[in-house]
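Q: Dropping the structure in here first, questions after.
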Amino acid sequence: MTPEITEQFFEEAKEVGCRTVVDPFVGSGTVIVEAIQKEFNAIGIDVNPWAITTTRAKINPITIDIKNLRETIENAEPYLPSDRLKKYHTERQLRQLAKIRGGIEKLQQIEKPPALVALVAIAEKYSLIKYSPAPKYSKNNPLIEDETQILTEFLIRVEQAIQDLAKLPTNNAELVLADSTTWLPQKIDAVLTSPPFANNVDYIRHSQLALLWAGYAKNSRELGRLRTMQIPSCEAAARRQKPQLNQPWFESALSNVGGKRKKGYRRFLAQYFYAIDKHLQVLAERLEWEAWYTVGNSQLGGAEIQTQEIMAKLAQKHEFKTKIEKIGVRCKPNRSLYLVKLCKKN
Ligand SMILES: C[S@@+](CC[C@H](N)C(=O)[O-])C[C@H]1O[C@@H](n2cnc3c(N)ncnc32)[C@H](O)[C@@H]1O
C-alpha cells in the first residue's frame, strides 16, 4: 500500500460521504491505522490470528506502568507456549523469553497485544533465524551480555508502544478473525486493501515464530491448519482438496507456466484465483461505493501472471465496473504494482 494511494483513497471516500473503510486482508494494519488518523470507522479482517494481534497492538491505548510490568515478569513462572521454540533459540535466550511470556499471561486482555508484539520483535532478534526476507536458520545470533538484557530491551519497546498509542485519536475500529473469501460485513461503504500476492510467499512461514510465541499454533500440524485457511498464494498453502478456478480463458493464462515446478505453480494459482473469485462474489452483494486493491503481477515458471487483469476479469463476472492503474515498479525486474478499482455498475 503506497502513501499516495492511501491519501487519494481517503480524500475521495470523504468527498462521497463514506464513513467506514474495510480492509479484508488487514496484515500489519497499515490501512486501519491510517483510517483512524483520518477519523474514519474501520473494520479489519484477517485469517491469520497474528495479523489481528499485530493490528490490535496499534489501535488500543494502554497504560501499563513499566516498573510494575518488570516486577510482574520477575515474579512470573516461565511459560513456553510450544516445545518447537526450542529449535529456534539458544537455552539462554529461551529462558529469558519464556520468563517474559509468563509475565504477559498475567496482563489484562487489552495489554497483551502490544506486549506480545514487543516480545516477538525481541524473539526475532535473539533467535537462530534470520529474515532475508524468508526465514532461514543462522548460527549468527546476537550475544546476550547478562540475564536481564532481553527483559530490558522488551521493556523499552513496550514503553515506546505506550507512547505511540497515546498519540492515536480515539477510534471506532473493529478487528475480525475471519476468512474474507466467505465472510464480509453485511454493508460495506468502501474497501482499501493489499490482498495476498500470487508470488509464492508463505505468510504463515513468515509469521511462524510469532504464532508459536503467541500460542496460536503449537506444532507443525497447527501451523499447517492455519496455512490451509489462507488464500493459497504459495505452493505450500495449496491443497489437493481445494477447489480451483476452471475457465477456458484462465487455462490459457496458465499455459505458459513451465519449468520443473509447473504443476505446483499451476495448482496454487488456480486455487488462488478461485479464492479471489469467491471473495469478489461476497463483496458484490455488499459494496456501496468503491473497492481499491493494490496488487502485483508475478513471474512464475517463466510466465508473467497478470494478477491485476485476471482479478478485473473475475470482478466483471460479478457485475463490477473495473479500472486498472499502474502505480509503480517493484524491486524485481518486470514486476509492477497496480491499483484495481471496483464499483458496482448501477
Ligand atoms: C499482503 S498481506 C496484507 C498486507 C496489509 N495490507 C499491510 O499493509 O500490512 C495479505 C494478508 O492477507 C491475509 N489472508 C490470506 N488469506 C486470507 C483469507 N482467506 N481471509 C482473510 N485474510 C487472508 C494474510 O494472512 C495476510 O495477512
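Chain labels run A, B, ... following the order of the C-alpha cells; each chain numbers its residues from 1, and ligands are numbered from 1 in the order shown.
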With the cut-off set at 12 Å and counting only C-alpha atoms, tabulate each residue of segment 221-268 of chain A with an atom at most that distance from an atom of segment 75-99 of chain A, showing the nearest atom pair and its distance in Å to one decimal, ordered by chain and increasing number, as a Markdown table.
A:
| residue | atom | partner | partner_atom | distance |
| --- | --- | --- | --- | --- |
| A:Arg221 | CA | A:Arg84 | CA | 11.7 |
| A:Glu222 | CA | A:Ser82 | CA | 11.0 |
| A:Leu223 | CA | A:Arg84 | CA | 11.3 |
Q: Set the distance at 12 Å and use only C-alpha atoms: which residues neighbour Val295 of chain A once local chain neighbours fewer than 5 positions away are removed? I'd like the list as a CSV table (one decimal) with N, CA and C atoms, in the first residue's frame.
A:
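See selection.csv below for the written result:
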chain,number,residue,atom,x,y,z
A,1,MET,N,0.8,-1.2,0.0
A,1,MET,CA,0.0,0.0,0.0
A,1,MET,C,0.9,1.3,0.0
A,2,THR,N,0.7,2.1,-1.0
A,2,THR,CA,1.6,3.3,-1.0
A,2,THR,C,0.9,4.5,-0.3
A,192,LEU,N,-10.3,-0.7,1.1
A,192,LEU,CA,-8.9,-0.4,0.7
A,192,LEU,C,-8.1,-1.5,1.2
A,193,THR,N,-7.3,-2.1,0.3
A,193,THR,CA,-6.5,-3.3,0.8
A,193,THR,C,-5.4,-3.7,-0.2
A,194,SER,N,-4.5,-4.4,0.4
A,194,SER,CA,-3.5,-5.1,-0.4
A,194,SER,C,-3.6,-6.6,-0.1
A,195,PRO,N,-4.3,-7.3,-1.1
A,195,PRO,CA,-4.5,-8.7,-0.8
A,195,PRO,C,-3.2,-9.5,-0.9
A,196,PRO,N,-3.3,-10.8,-0.5
A,196,PRO,CA,-2.1,-11.6,-0.7
A,196,PRO,C,-1.7,-11.6,-2.2
A,197,PHE,N,-0.4,-11.5,-2.5
A,197,PHE,CA,0.0,-11.5,-3.9
A,197,PHE,C,0.3,-13.0,-4.3
A,198,ALA,N,0.0,-13.3,-5.6
A,198,ALA,CA,0.2,-14.7,-6.0
A,198,ALA,C,1.7,-14.9,-6.3
A,199,ASN,N,2.6,-14.6,-5.4
A,199,ASN,CA,4.0,-14.7,-5.8
A,199,ASN,C,4.8,-15.7,-4.9
A,276,ILE,N,-10.0,-15.7,-4.8
A,276,ILE,CA,-10.2,-14.3,-5.1
A,276,ILE,C,-11.6,-14.1,-5.7
A,305,ILE,N,2.3,-13.6,-14.7
A,305,ILE,CA,0.9,-13.7,-14.3
A,305,ILE,C,0.4,-12.3,-14.0
A,306,GLN,N,-0.5,-11.9,-14.9
A,306,GLN,CA,-1.0,-10.5,-14.7
A,306,GLN,C,-2.2,-10.6,-13.8
A,307,THR,N,-1.9,-10.6,-12.5
A,307,THR,CA,-2.9,-10.8,-11.4
A,307,THR,C,-4.0,-9.7,-11.6
A,308,GLN,N,-3.5,-8.4,-11.8
A,308,GLN,CA,-4.5,-7.3,-11.9
A,308,GLN,C,-5.5,-7.6,-13.0
A,309,GLU,N,-5.1,-8.1,-14.1
A,309,GLU,CA,-6.0,-8.3,-15.3
A,309,GLU,C,-7.0,-9.5,-14.9
A,310,ILE,N,-6.4,-10.5,-14.4
A,310,ILE,CA,-7.3,-11.7,-14.1
A,310,ILE,C,-8.3,-11.3,-13.0
A,311,MET,N,-7.9,-10.5,-12.0
A,311,MET,CA,-8.8,-10.1,-11.0
A,311,MET,C,-9.9,-9.2,-11.5
A,312,ALA,N,-9.5,-8.3,-12.4
A,312,ALA,CA,-10.5,-7.4,-13.0
A,312,ALA,C,-11.5,-8.3,-13.8
A,324,ILE,N,-8.0,-0.3,-14.1
A,324,ILE,CA,-6.6,-0.7,-13.6
A,324,ILE,C,-5.7,0.4,-13.8
A,325,GLU,N,-4.9,0.8,-12.8
A,325,GLU,CA,-3.9,1.9,-12.9
A,325,GLU,C,-2.6,1.3,-12.5
A,326,LYS,N,-1.5,1.6,-13.3
A,326,LYS,CA,-0.2,1.2,-12.9
A,326,LYS,C,0.3,2.2,-11.9
A,327,ILE,N,0.7,1.8,-10.7
A,327,ILE,CA,1.1,2.8,-9.7
A,327,ILE,C,2.6,2.7,-9.3
A,328,GLY,N,3.3,1.8,-9.8
A,328,GLY,CA,4.8,1.7,-9.5
A,328,GLY,C,5.4,0.5,-9.9
A,329,VAL,N,6.8,0.5,-9.8
A,329,VAL,CA,7.5,-0.7,-10.1
A,329,VAL,C,8.0,-1.3,-8.8
A,330,ARG,N,8.2,-2.7,-8.8
A,330,ARG,CA,8.7,-3.3,-7.6
A,330,ARG,C,10.1,-3.7,-7.8
A,335,ARG,N,8.4,-6.6,-12.5
A,335,ARG,CA,7.3,-6.7,-11.5
A,335,ARG,C,6.8,-5.3,-11.3
A,336,SER,N,5.5,-5.1,-11.4
A,336,SER,CA,4.9,-3.8,-11.2
A,336,SER,C,3.8,-3.9,-10.2
A,337,LEU,N,3.4,-2.7,-9.7
A,337,LEU,CA,2.3,-2.6,-8.7
A,337,LEU,C,1.1,-1.9,-9.4
A,338,TYR,N,-0.1,-2.4,-9.2
A,338,TYR,CA,-1.2,-1.9,-9.9
A,338,TYR,C,-2.3,-1.6,-8.9
A,339,LEU,N,-3.2,-0.6,-9.2
A,339,LEU,CA,-4.4,-0.4,-8.4
A,339,LEU,C,-5.6,-0.9,-9.2
A,340,VAL,N,-6.3,-1.8,-8.7
A,340,VAL,CA,-7.5,-2.3,-9.3
A,340,VAL,C,-8.7,-1.7,-8.5
A,341,LYS,N,-9.5,-0.9,-9.3
A,341,LYS,CA,-10.6,-0.2,-8.6
A,341,LYS,C,-11.9,-0.8,-9.1
Q: Using only C-alpha atoms and all ligand atoms, tabulate the residues of chain A lying at most 7 Å from any atom of ligand 1, each with its closest atom pair and that distance in Å to one decimal, by chain and increasing residue number, as JSON lines.
A:
{"residue": "A:Met1", "atom": "CA", "partner": "ligand 1", "partner_atom_place_in_ligand_line": "8 (O)", "distance": 5.7}
{"residue": "A:Pro24", "atom": "CA", "partner": "ligand 1", "partner_atom_place_in_ligand_line": "21 (C)", "distance": 5.9}
{"residue": "A:Phe25", "atom": "CA", "partner": "ligand 1", "partner_atom_place_in_ligand_line": "12 (O)", "distance": 4.0}
{"residue": "A:Val26", "atom": "CA", "partner": "ligand 1", "partner_atom_place_in_ligand_line": "5 (C)", "distance": 4.9}
{"residue": "A:Gly27", "atom": "CA", "partner": "ligand 1", "partner_atom_place_in_ligand_line": "27 (O)", "distance": 3.4}
{"residue": "A:Ser28", "atom": "CA", "partner": "ligand 1", "partner_atom_place_in_ligand_line": "9 (O)", "distance": 3.8}
{"residue": "A:Gly29", "atom": "CA", "partner": "ligand 1", "partner_atom_place_in_ligand_line": "9 (O)", "distance": 5.3}
{"residue": "A:Thr30", "atom": "CA", "partner": "ligand 1", "partner_atom_place_in_ligand_line": "8 (O)", "distance": 4.7}
{"residue": "A:Val31", "atom": "CA", "partner": "ligand 1", "partner_atom_place_in_ligand_line": "8 (O)", "distance": 6.3}
{"residue": "A:Ile45", "atom": "CA", "partner": "ligand 1", "partner_atom_place_in_ligand_line": "21 (C)", "distance": 5.8}
{"residue": "A:Asp46", "atom": "CA", "partner": "ligand 1", "partner_atom_place_in_ligand_line": "22 (N)", "distance": 3.6}
{"residue": "A:Val47", "atom": "CA", "partner": "ligand 1", "partner_atom_place_in_ligand_line": "21 (C)", "distance": 4.3}
{"residue": "A:Asn48", "atom": "CA", "partner": "ligand 1", "partner_atom_place_in_ligand_line": "25 (O)", "distance": 4.5}
{"residue": "A:Ala51", "atom": "CA", "partner": "ligand 1", "partner_atom_place_in_ligand_line": "27 (O)", "distance": 5.5}
{"residue": "A:Ala178", "atom": "CA", "partner": "ligand 1", "partner_atom_place_in_ligand_line": "21 (C)", "distance": 5.9}
{"residue": "A:Asp179", "atom": "CA", "partner": "ligand 1", "partner_atom_place_in_ligand_line": "20 (N)", "distance": 3.6}
{"residue": "A:Ser180", "atom": "CA", "partner": "ligand 1", "partner_atom_place_in_ligand_line": "20 (N)", "distance": 4.0}
{"residue": "A:Thr181", "atom": "CA", "partner": "ligand 1", "partner_atom_place_in_ligand_line": "19 (N)", "distance": 5.3}
{"residue": "A:Thr193", "atom": "CA", "partner": "ligand 1", "partner_atom_place_in_ligand_line": "6 (N)", "distance": 5.2}
{"residue": "A:Ser194", "atom": "CA", "partner": "ligand 1", "partner_atom_place_in_ligand_line": "6 (N)", "distance": 4.1}
{"residue": "A:Pro195", "atom": "CA", "partner": "ligand 1", "partner_atom_place_in_ligand_line": "10 (C)", "distance": 4.7}
{"residue": "A:Pro196", "atom": "CA", "partner": "ligand 1", "partner_atom_place_in_ligand_line": "10 (C)", "distance": 3.9}
{"residue": "A:Phe197", "atom": "CA", "partner": "ligand 1", "partner_atom_place_in_ligand_line": "1 (C)", "distance": 6.2}
{"residue": "A:Tyr203", "atom": "CA", "partner": "ligand 1", "partner_atom_place_in_ligand_line": "25 (O)", "distance": 6.0}
{"residue": "A:Met229", "atom": "CA", "partner": "ligand 1", "partner_atom_place_in_ligand_line": "19 (N)", "distance": 6.0}
{"residue": "A:Gln230", "atom": "CA", "partner": "ligand 1", "partner_atom_place_in_ligand_line": "16 (N)", "distance": 3.7}
{"residue": "A:Ile231", "atom": "CA", "partner": "ligand 1", "partner_atom_place_in_ligand_line": "16 (N)", "distance": 3.9}
Q: Can you spit out the residues from that selection as a PDB file, in the first residue's frame, using C-alpha atoms?
A:
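Printed below is selection.pdb as written:
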ATOM      1  CA  MET A   1       0.000   0.000   0.000  1.00  0.00           C
ATOM      2  CA  PRO A  24     -10.422  -7.610   4.269  1.00  0.00           C
ATOM      3  CA  PHE A  25      -6.708  -8.623   4.294  1.00  0.00           C
ATOM      4  CA  VAL A  26      -5.519  -6.487   7.178  1.00  0.00           C
ATOM      5  CA  GLY A  27      -1.942  -7.828   7.532  1.00  0.00           C
ATOM      6  CA  SER A  28       0.046  -5.479   9.752  1.00  0.00           C
ATOM      7  CA  GLY A  29      -2.791  -2.943   9.888  1.00  0.00           C
ATOM      8  CA  THR A  30      -1.429  -0.023   7.842  1.00  0.00           C
ATOM      9  CA  VAL A  31      -4.854   0.807   6.374  1.00  0.00           C
ATOM     10  CA  ILE A  45     -10.296  -8.786   8.720  1.00  0.00           C
ATOM     11  CA  ASP A  46      -7.604 -11.426   8.512  1.00  0.00           C
ATOM     12  CA  VAL A  47      -7.482 -15.198   8.766  1.00  0.00           C
ATOM     13  CA  ASN A  48      -4.039 -15.152  10.405  1.00  0.00           C
ATOM     14  CA  ALA A  51      -2.186 -10.228  11.850  1.00  0.00           C
ATOM     15  CA  ALA A 178     -12.298 -14.452   9.577  1.00  0.00           C
ATOM     16  CA  ASP A 179     -11.871 -15.815   6.089  1.00  0.00           C
ATOM     17  CA  SER A 180     -12.832 -12.960   3.776  1.00  0.00           C
ATOM     18  CA  THR A 181     -13.500 -15.317   0.884  1.00  0.00           C
ATOM     19  CA  THR A 193      -6.527  -3.287   0.799  1.00  0.00           C
ATOM     20  CA  SER A 194      -3.458  -5.050  -0.382  1.00  0.00           C
ATOM     21  CA  PRO A 195      -4.539  -8.685  -0.786  1.00  0.00           C
ATOM     22  CA  PRO A 196      -2.055 -11.587  -0.713  1.00  0.00           C
ATOM     23  CA  PHE A 197       0.035 -11.511  -3.906  1.00  0.00           C
ATOM     24  CA  TYR A 203       2.556 -15.732   5.077  1.00  0.00           C
ATOM     25  CA  MET A 229      -7.078 -21.336   5.773  1.00  0.00           C
ATOM     26  CA  GLN A 230      -5.005 -18.830   3.780  1.00  0.00           C
ATOM     27  CA  ILE A 231      -5.830 -17.844   0.210  1.00  0.00           C
TER      28      ILE A 231
END
Q: DSSP on the backbone: what in segment 142-206 of chain A comes out strand (DSSP E), as an MDAnalysis selection string?
A: chainID A and resid 173:177 190:193
Q: DSSP on the backbone, helix (DSSP H, G or I) only: what residues of segment 109-299 of chain A does that give? Format it as an NGL selection string.
A: :A and (109-125 or 149-166 or 203-206 or 208-214 or 220-229 or 235-237 or 248-254 or 262-284)
Q: Leaving out Ala57 of chain A and any residue of its chain fewer than 2 positions from it, which residues lie within 9 Å of it when counting only C-alpha atoms, given as a list in words?
A: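 The residues that qualify are Ile52, Thr53, Thr54, Thr55, Ile59, Asn60, Pro61, Ile110, Glu111, Lys112, Pro113, Pro114, Ala115, Leu116, Val117, Ala161 and Leu165 of chain A.
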Q: What does the file look like for those residues with N, CA and C atoms, as a CSV table (one decimal), in the first residue's frame?
A:
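Result written to out-v6.csv:
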chain,number,residue,atom,x,y,z
A,52,ILE,N,-4.2,-10.1,13.3
A,52,ILE,CA,-5.1,-9.4,14.1
A,52,ILE,C,-4.5,-8.9,15.4
A,53,THR,N,-3.6,-9.7,16.0
A,53,THR,CA,-2.9,-9.2,17.2
A,53,THR,C,-2.0,-8.0,16.9
A,54,THR,N,-1.2,-8.1,15.8
A,54,THR,CA,-0.3,-7.0,15.4
A,54,THR,C,-1.1,-5.7,15.2
A,55,THR,N,-2.3,-5.8,14.5
A,55,THR,CA,-3.1,-4.6,14.3
A,55,THR,C,-3.7,-4.1,15.6
A,59,ILE,N,-3.8,-0.1,17.9
A,59,ILE,CA,-5.1,0.7,17.9
A,59,ILE,C,-5.7,1.0,19.3
A,60,ASN,N,-5.3,0.2,20.3
A,60,ASN,CA,-5.9,0.4,21.6
A,60,ASN,C,-4.9,0.9,22.6
A,61,PRO,N,-5.1,2.2,23.0
A,61,PRO,CA,-4.2,2.8,24.0
A,61,PRO,C,-4.1,2.0,25.3
A,110,ILE,N,-6.5,-6.4,27.2
A,110,ILE,CA,-6.2,-5.2,26.3
A,110,ILE,C,-4.6,-5.0,26.2
A,111,GLU,N,-3.9,-5.4,27.3
A,111,GLU,CA,-2.5,-5.1,27.3
A,111,GLU,C,-1.7,-6.1,26.6
A,112,LYS,N,-2.3,-7.3,26.4
A,112,LYS,CA,-1.5,-8.4,25.8
A,112,LYS,C,-1.0,-8.1,24.4
A,113,PRO,N,-1.8,-7.6,23.4
A,113,PRO,CA,-1.3,-7.5,22.1
A,113,PRO,C,0.0,-6.7,22.0
A,114,PRO,N,0.1,-5.4,22.5
A,114,PRO,CA,1.4,-4.7,22.4
A,114,PRO,C,2.5,-5.4,23.1
A,115,ALA,N,2.2,-6.1,24.2
A,115,ALA,CA,3.3,-6.8,24.9
A,115,ALA,C,3.8,-8.0,24.1
A,116,LEU,N,2.8,-8.7,23.4
A,116,LEU,CA,3.2,-9.8,22.6
A,116,LEU,C,4.0,-9.4,21.4
A,117,VAL,N,3.6,-8.2,20.8
A,117,VAL,CA,4.3,-7.7,19.6
A,117,VAL,C,5.8,-7.3,20.0
A,161,ALA,N,5.8,1.7,22.7
A,161,ALA,CA,4.4,1.4,22.2
A,161,ALA,C,3.4,2.2,23.0
A,165,LEU,N,0.9,4.8,21.1
A,165,LEU,CA,-0.6,4.6,21.2
A,165,LEU,C,-1.3,5.8,21.8
Q: Would you mind listing what lies within 12 Å of Lys139 of chain A as a compact mmCIF listing (two decimals) with C-alpha atoms, in the first residue's frame, with only C-alpha atoms counted and same-chain residues fewer than 2 positions away left out?
A:
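Ended up saving to part-v4.txt:
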# COMPACT_ATOMS: atom_id res chain seq x y z
CA LYS A 87 14.59 -25.27 17.84
CA TYR A 88 14.76 -21.52 17.28
CA HIS A 89 16.56 -20.19 20.36
CA THR A 90 19.59 -20.99 22.48
CA TYR A 126 17.53 -13.22 19.63
CA SER A 127 16.88 -16.33 17.60
CA LEU A 128 18.59 -18.82 15.32
CA ILE A 129 16.51 -17.47 12.44
CA LYS A 130 17.39 -14.66 10.07
CA LYS A 136 16.24 -19.15 7.42
CA TYR A 137 18.38 -20.84 10.09
CA ASN A 141 22.70 -14.61 16.68
CA PRO A 142 23.37 -11.54 18.84
CA LEU A 143 25.22 -12.14 22.10
Q: Name the residues in contact with Phe268 of chain A at a cut-off of 8 Å, using only C-alpha atoms, excluding same-chain residues fewer than 6 positions from it; report them as a PDB file with N, CA and C atoms, in the first residue's frame.
A:
ATOM      1  N   PRO A 232      -4.506 -19.494  -1.059  1.00  0.00           N
ATOM      2  CA  PRO A 232      -3.220 -20.120  -1.394  1.00  0.00           C
ATOM      3  C   PRO A 232      -2.369 -19.244  -2.326  1.00  0.00           C
ATOM      4  N   SER A 233      -1.497 -18.439  -1.716  1.00  0.00           N
ATOM      5  CA  SER A 233      -0.646 -17.570  -2.535  1.00  0.00           C
ATOM      6  C   SER A 233       0.753 -18.160  -2.668  1.00  0.00           C
ATOM      7  N   CYS A 234       0.891 -19.437  -2.295  1.00  0.00           N
ATOM      8  CA  CYS A 234       2.183 -20.127  -2.446  1.00  0.00           C
ATOM      9  C   CYS A 234       1.912 -21.623  -2.599  1.00  0.00           C
ATOM     10  N   GLU A 235       2.927 -22.338  -3.069  1.00  0.00           N
ATOM     11  CA  GLU A 235       2.759 -23.794  -3.247  1.00  0.00           C
ATOM     12  C   GLU A 235       2.418 -24.474  -1.927  1.00  0.00           C
ATOM     13  N   ALA A 237       0.685 -23.555   0.525  1.00  0.00           N
ATOM     14  CA  ALA A 237      -0.695 -23.394   1.010  1.00  0.00           C
ATOM     15  C   ALA A 237      -1.716 -24.066   0.092  1.00  0.00           C
ATOM     16  N   ALA A 238      -1.252 -24.564  -1.059  1.00  0.00           N
ATOM     17  CA  ALA A 238      -2.192 -25.260  -1.956  1.00  0.00           C
ATOM     18  C   ALA A 238      -2.527 -26.619  -1.327  1.00  0.00           C
TER      19      ALA A 238
END
Q: Could you list, as a list in words, every residue within 6 Å of segment 257-265 of chain A, counting only C-alpha atoms and ignoring same-chain residues fewer than 2 positions away?
A: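 Residues near the query, excluding close chain neighbours: Glu235, Leu254, Ser255, Arg267, Phe268, Gly301 and Ala303 of chain A.
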Q: So that I can check the surroundings of Pro243 of chain A, please list as a PyMOL selection string every protein, DNA and RNA residue that reaches within 10 Å of it, counting only C-alpha atoms and ignoring chain neighbours fewer than 2 positions away.
A: chain A and resi 238-241+245-246+267+270-275
Q: Of the candidates A:Lys242, A:Lys321, A:Arg19, A:Arg227, which shows the shortest atom-to-atom distance to Asn346 of chain A, using only C-alpha atoms?
A: A:Lys321
Q: For Val16 of chain A, which residue among A:Ala190, A:Leu184, A:Leu155, A:Leu226 is the nearest when counting only C-alpha atoms?
A: A:Ala190
